[in-house]
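Student: Got a structure for you, questions after.
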Amino acid sequence: MELKNNKNGNAVKETIQIEKLLSEYAPLMARIAATFEANKSLQDELIQEMSLAVWRAFEGASKGSDSGFRGEASVKTFVAKVAHNKAVDHVIKEQRRQEFTRDGEFDSSHTTSASSSRDVTLQENAIDLMTGLRQLEIKYRQVLALLLEGFSQLEIANMLGIKETAVAKRVSRARQQLTQIMEQQP
């Protein structure tokens, strides 16, 4: 989706444009939220926080703010960066509010019901993967989640403000830890 940065544009058109953008990237934000939060109601809250942050970033860009979208990356990359930053903030906030629990709860109400044994196995594997991802430290969870979204290590490095070699190390360590976690699951 192309977002036009029109300082003199109509506010209603900008609002409609941002709403379309949020609608287009809602599934991406939902997957990111599910990666960072197991509780469905907290996922919904997090998606709202992400949407508001994306809205503000694009609204700031249209008003000439330096903190908004500058077109240095694709819209998808920018939305993912904003969403991931909000997700990390959310996890830190939740950790401060209550001791982080690792009960492996997963709300599968948003998944479709599986009709075949293959579908059931795939769904169970996805649940196991999400449970495993949530057990990783944030820095490892973040790079794996972005990698699973199809971003390159260079794009991830740019989003996180770190070197590409650091991303590669985090990916390697995250995979090792995730493998250990998955082997320990029944």
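How things are named: the first chain in the structure tokens is A, the next is B, and so on; residues count from 1 in each chain; ligands count from 1 in the order shown.
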At a cut-off of 10 Å, using only C-alpha atoms, what residues contact Val75 (chain A)? Leave out same-chain residues fewer than 2 positions from it and give the result as a PyMOL selection string.
Tutor: chain A and resi 1-3+21+25+58+69-73+77-81
Student: Kindly export the residues of the current selection with N, CA, C and O atoms, as an mmCIF file, in the first residue's frame.
Tutor:
data_model
loop_
_atom_site.group_PDB
_atom_site.id
_atom_site.type_symbol
_atom_site.label_atom_id
_atom_site.label_comp_id
_atom_site.auth_asym_id
_atom_site.auth_seq_id
_atom_site.Cartn_x
_atom_site.Cartn_y
_atom_site.Cartn_z
ATOM 1 N N MET A 1 0.839 -1.173 0.000
ATOM 2 C CA MET A 1 0.000 0.000 0.000
ATOM 3 C C MET A 1 0.882 1.234 0.000
ATOM 4 O O MET A 1 1.833 1.315 0.755
ATOM 5 N N GLU A 2 0.578 2.175 -0.799
ATOM 6 C CA GLU A 2 1.337 3.411 -0.865
ATOM 7 C C GLU A 2 0.653 4.457 -0.001
ATOM 8 O O GLU A 2 -0.536 4.678 -0.094
ATOM 9 N N LEU A 3 1.424 5.080 0.870
ATOM 10 C CA LEU A 3 0.877 6.138 1.707
ATOM 11 C C LEU A 3 1.469 7.451 1.229
ATOM 12 O O LEU A 3 2.674 7.616 1.197
ATOM 13 N N LEU A 21 -4.814 1.248 5.645
ATOM 14 C CA LEU A 21 -3.509 0.693 5.963
ATOM 15 C C LEU A 21 -3.611 -0.220 7.186
ATOM 16 O O LEU A 21 -3.085 -1.333 7.178
ATOM 17 N N TYR A 25 -2.863 -4.337 7.277
ATOM 18 C CA TYR A 25 -1.808 -4.938 8.094
ATOM 19 C C TYR A 25 -2.325 -5.500 9.422
ATOM 20 O O TYR A 25 -1.534 -5.896 10.280
ATOM 21 N N PHE A 58 1.920 7.449 11.309
ATOM 22 C CA PHE A 58 1.571 7.926 9.972
ATOM 23 C C PHE A 58 0.930 9.309 10.022
ATOM 24 O O PHE A 58 1.141 10.121 9.130
ATOM 25 N N PHE A 69 6.627 7.974 9.718
ATOM 26 C CA PHE A 69 7.069 7.247 8.531
ATOM 27 C C PHE A 69 7.761 8.208 7.568
ATOM 28 O O PHE A 69 7.200 9.225 7.173
ATOM 29 N N ARG A 70 9.004 7.883 7.205
ATOM 30 C CA ARG A 70 9.779 8.748 6.313
ATOM 31 C C ARG A 70 10.014 8.110 4.944
ATOM 32 O O ARG A 70 10.713 8.676 4.120
ATOM 33 N N GLY A 71 9.490 6.915 4.740
ATOM 34 C CA GLY A 71 9.655 6.254 3.452
ATOM 35 C C GLY A 71 11.009 5.598 3.266
ATOM 36 O O GLY A 71 11.366 5.230 2.152
ATOM 37 N N GLU A 72 11.779 5.441 4.345
ATOM 38 C CA GLU A 72 13.098 4.825 4.250
ATOM 39 C C GLU A 72 13.012 3.300 4.130
ATOM 40 O O GLU A 72 13.980 2.650 3.764
ATOM 41 N N ALA A 73 11.874 2.760 4.460
ATOM 42 C CA ALA A 73 11.630 1.319 4.364
ATOM 43 C C ALA A 73 10.234 1.138 3.787
ATOM 44 O O ALA A 73 9.486 2.101 3.627
ATOM 45 N N THR A 77 7.419 -3.056 6.493
ATOM 46 C CA THR A 77 8.547 -3.075 7.417
ATOM 47 C C THR A 77 8.342 -2.071 8.542
ATOM 48 O O THR A 77 8.579 -2.365 9.708
ATOM 49 N N PHE A 78 7.859 -0.878 8.188
ATOM 50 C CA PHE A 78 7.626 0.151 9.193
ATOM 51 C C PHE A 78 6.532 -0.275 10.169
ATOM 52 O O PHE A 78 6.686 -0.131 11.383
ATOM 53 N N VAL A 79 5.430 -0.820 9.653
ATOM 54 C CA VAL A 79 4.336 -1.273 10.512
ATOM 55 C C VAL A 79 4.831 -2.379 11.442
ATOM 56 O O VAL A 79 4.533 -2.375 12.642
ATOM 57 N N ALA A 80 5.607 -3.321 10.903
ATOM 58 C CA ALA A 80 6.143 -4.410 11.729
ATOM 59 C C ALA A 80 7.060 -3.870 12.816
ATOM 60 O O ALA A 80 7.025 -4.338 13.967
ATOM 61 N N LYS A 81 7.872 -2.873 12.478
ATOM 62 C CA LYS A 81 8.777 -2.283 13.468
ATOM 63 C C LYS A 81 7.984 -1.631 14.598
ATOM 64 O O LYS A 81 8.265 -1.859 15.778
#
Student: Just the residues within 10 Å of Phe36 (chain A), please, counting only C-alpha atoms, with nothing from its chain fewer than 6 positions along; format it as a PyMOL selection string.
Tutor: chain A and resi 42-43+46+84+87-88+90-91+130-131+133-136+138+141-142+145
Student: Could you turn the residues from that selection into a file that holds N, CA, C and O atoms, as a PDB file, in the first residue's frame?
Tutor:
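Saved to part_36.pdb:
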ATOM      1  N   LEU A  42      -5.606  -9.866  26.318  1.00  0.00           N
ATOM      2  CA  LEU A  42      -4.420  -9.011  26.300  1.00  0.00           C
ATOM      3  C   LEU A  42      -3.864  -8.869  24.880  1.00  0.00           C
ATOM      4  O   LEU A  42      -3.309  -7.821  24.535  1.00  0.00           O
ATOM      5  N   GLN A  43      -4.032  -9.907  24.061  1.00  0.00           N
ATOM      6  CA  GLN A  43      -3.657  -9.801  22.640  1.00  0.00           C
ATOM      7  C   GLN A  43      -4.472  -8.703  21.973  1.00  0.00           C
ATOM      8  O   GLN A  43      -3.923  -7.879  21.237  1.00  0.00           O
ATOM      9  N   LEU A  46      -3.266  -5.402  23.041  1.00  0.00           N
ATOM     10  CA  LEU A  46      -1.989  -5.118  22.399  1.00  0.00           C
ATOM     11  C   LEU A  46      -2.181  -4.698  20.941  1.00  0.00           C
ATOM     12  O   LEU A  46      -1.533  -3.765  20.466  1.00  0.00           O
ATOM     13  N   HIS A  84       6.259  -4.417  16.649  1.00  0.00           N
ATOM     14  CA  HIS A  84       7.197  -5.147  17.498  1.00  0.00           C
ATOM     15  C   HIS A  84       7.650  -4.295  18.679  1.00  0.00           C
ATOM     16  O   HIS A  84       7.776  -4.802  19.796  1.00  0.00           O
ATOM     17  N   ALA A  87       4.946  -4.385  21.129  1.00  0.00           N
ATOM     18  CA  ALA A  87       4.874  -5.704  21.756  1.00  0.00           C
ATOM     19  C   ALA A  87       5.942  -5.848  22.839  1.00  0.00           C
ATOM     20  O   ALA A  87       5.657  -6.377  23.926  1.00  0.00           O
ATOM     21  N   VAL A  88       7.134  -5.373  22.562  1.00  0.00           N
ATOM     22  CA  VAL A  88       8.205  -5.427  23.559  1.00  0.00           C
ATOM     23  C   VAL A  88       7.836  -4.562  24.762  1.00  0.00           C
ATOM     24  O   VAL A  88       7.986  -4.986  25.909  1.00  0.00           O
ATOM     25  N   HIS A  90       4.889  -3.877  25.747  1.00  0.00           N
ATOM     26  CA  HIS A  90       3.798  -4.595  26.423  1.00  0.00           C
ATOM     27  C   HIS A  90       4.352  -5.683  27.349  1.00  0.00           C
ATOM     28  O   HIS A  90       3.919  -5.803  28.495  1.00  0.00           O
ATOM     29  N   VAL A  91       5.303  -6.458  26.847  1.00  0.00           N
ATOM     30  CA  VAL A  91       5.866  -7.546  27.651  1.00  0.00           C
ATOM     31  C   VAL A  91       6.564  -6.980  28.883  1.00  0.00           C
ATOM     32  O   VAL A  91       6.387  -7.483  29.995  1.00  0.00           O
ATOM     33  N   MET A 130       4.252 -21.530  19.074  1.00  0.00           N
ATOM     34  CA  MET A 130       3.919 -20.269  19.744  1.00  0.00           C
ATOM     35  C   MET A 130       4.263 -20.352  21.233  1.00  0.00           C
ATOM     36  O   MET A 130       4.804 -19.405  21.800  1.00  0.00           O
ATOM     37  N   THR A 131       3.975 -21.479  21.846  1.00  0.00           N
ATOM     38  CA  THR A 131       4.298 -21.673  23.262  1.00  0.00           C
ATOM     39  C   THR A 131       5.809 -21.603  23.459  1.00  0.00           C
ATOM     40  O   THR A 131       6.287 -20.952  24.387  1.00  0.00           O
ATOM     41  N   LEU A 133       8.027 -20.117  21.443  1.00  0.00           N
ATOM     42  CA  LEU A 133       8.486 -18.750  21.168  1.00  0.00           C
ATOM     43  C   LEU A 133       8.298 -17.848  22.381  1.00  0.00           C
ATOM     44  O   LEU A 133       9.154 -17.016  22.685  1.00  0.00           O
ATOM     45  N   ARG A 134       7.179 -17.991  23.060  1.00  0.00           N
ATOM     46  CA  ARG A 134       6.894 -17.131  24.220  1.00  0.00           C
ATOM     47  C   ARG A 134       7.845 -17.387  25.377  1.00  0.00           C
ATOM     48  O   ARG A 134       7.956 -16.552  26.273  1.00  0.00           O
ATOM     49  N   GLN A 135       8.524 -18.517  25.372  1.00  0.00           N
ATOM     50  CA  GLN A 135       9.456 -18.832  26.452  1.00  0.00           C
ATOM     51  C   GLN A 135      10.839 -18.248  26.204  1.00  0.00           C
ATOM     52  O   GLN A 135      11.677 -18.222  27.106  1.00  0.00           O
ATOM     53  N   LEU A 136      11.089 -17.778  24.996  1.00  0.00           N
ATOM     54  CA  LEU A 136      12.384 -17.182  24.671  1.00  0.00           C
ATOM     55  C   LEU A 136      12.482 -15.774  25.251  1.00  0.00           C
ATOM     56  O   LEU A 136      11.479 -15.098  25.441  1.00  0.00           O
ATOM     57  N   ILE A 138      13.034 -11.841  25.067  1.00  0.00           N
ATOM     58  CA  ILE A 138      12.436 -10.945  24.076  1.00  0.00           C
ATOM     59  C   ILE A 138      13.342 -10.753  22.865  1.00  0.00           C
ATOM     60  O   ILE A 138      12.879 -10.798  21.731  1.00  0.00           O
ATOM     61  N   ARG A 141      13.014 -13.835  20.755  1.00  0.00           N
ATOM     62  CA  ARG A 141      11.641 -13.963  20.259  1.00  0.00           C
ATOM     63  C   ARG A 141      11.403 -12.986  19.107  1.00  0.00           C
ATOM     64  O   ARG A 141      10.783 -13.319  18.106  1.00  0.00           O
ATOM     65  N   GLN A 142      11.913 -11.776  19.271  1.00  0.00           N
ATOM     66  CA  GLN A 142      11.690 -10.727  18.283  1.00  0.00           C
ATOM     67  C   GLN A 142      12.310 -11.084  16.933  1.00  0.00           C
ATOM     68  O   GLN A 142      11.653 -10.973  15.905  1.00  0.00           O
ATOM     69  N   ALA A 145      10.398 -14.055  15.333  1.00  0.00           N
ATOM     70  CA  ALA A 145       9.064 -13.655  14.873  1.00  0.00           C
ATOM     71  C   ALA A 145       9.164 -12.865  13.572  1.00  0.00           C
ATOM     72  O   ALA A 145       8.386 -13.083  12.641  1.00  0.00           O
TER      73      ALA A 145
END
Student: Please provide as a list in words all residues within 8 Å of Met29 (chain A), with the sequence filter that same-chain residues fewer than 6 positions apart are discarded (counting only C-alpha atoms).
Tutor: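 My list of contacting residues is Ile47, Met50, Ala80 and Ala83 of chain A.
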Student: Given the choices A:Lys86, A:Arg173, A:Lys93, A:Lys139, which gets closest to Gln48 (chain A) if the distance is worked out from only C-alpha atoms?
Tutor: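 For Gln48 (chain A), the nearest of the candidates is A:Lys86.
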Student: From a DSSP pass on the backbone, collect the residues of region 24-183 of chain A flagged as helix (DSSP H, G or I) and hand them back as a count of residues only.
Tutor: 116
Student: If I take CA of Thr35 (chain A) and CA of Met159 (chain A), how far is one from the other in Å, to one decimal?
Tutor: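 Answer for the CA of Thr35 (chain A) to CA of Met159 (chain A) separation: 17.2 Å.
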Student: Determine the nearest neighbour of Lys20 (chain A) from the options A:Glu149, A:Ser51, A:Leu129, A:Glu94, counting only C-alpha atoms.
Tutor: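 Closest to Lys20 (chain A) of all the choices is A:Ser51.
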Student: Hey, can you check how far CA of Ala174 (chain A) sits from CA of Asp89 (chain A)?
Tutor: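 These two atoms are separated by 20.0 Å.
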Student: Could you jot down the CA of Gly132 (chain A) to CA of Ile181 (chain A) separation for me, Å, one decimal place?
Tutor: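 About the pair CA of Gly132 (chain A) and CA of Ile181 (chain A): they are 6.0 Å apart.
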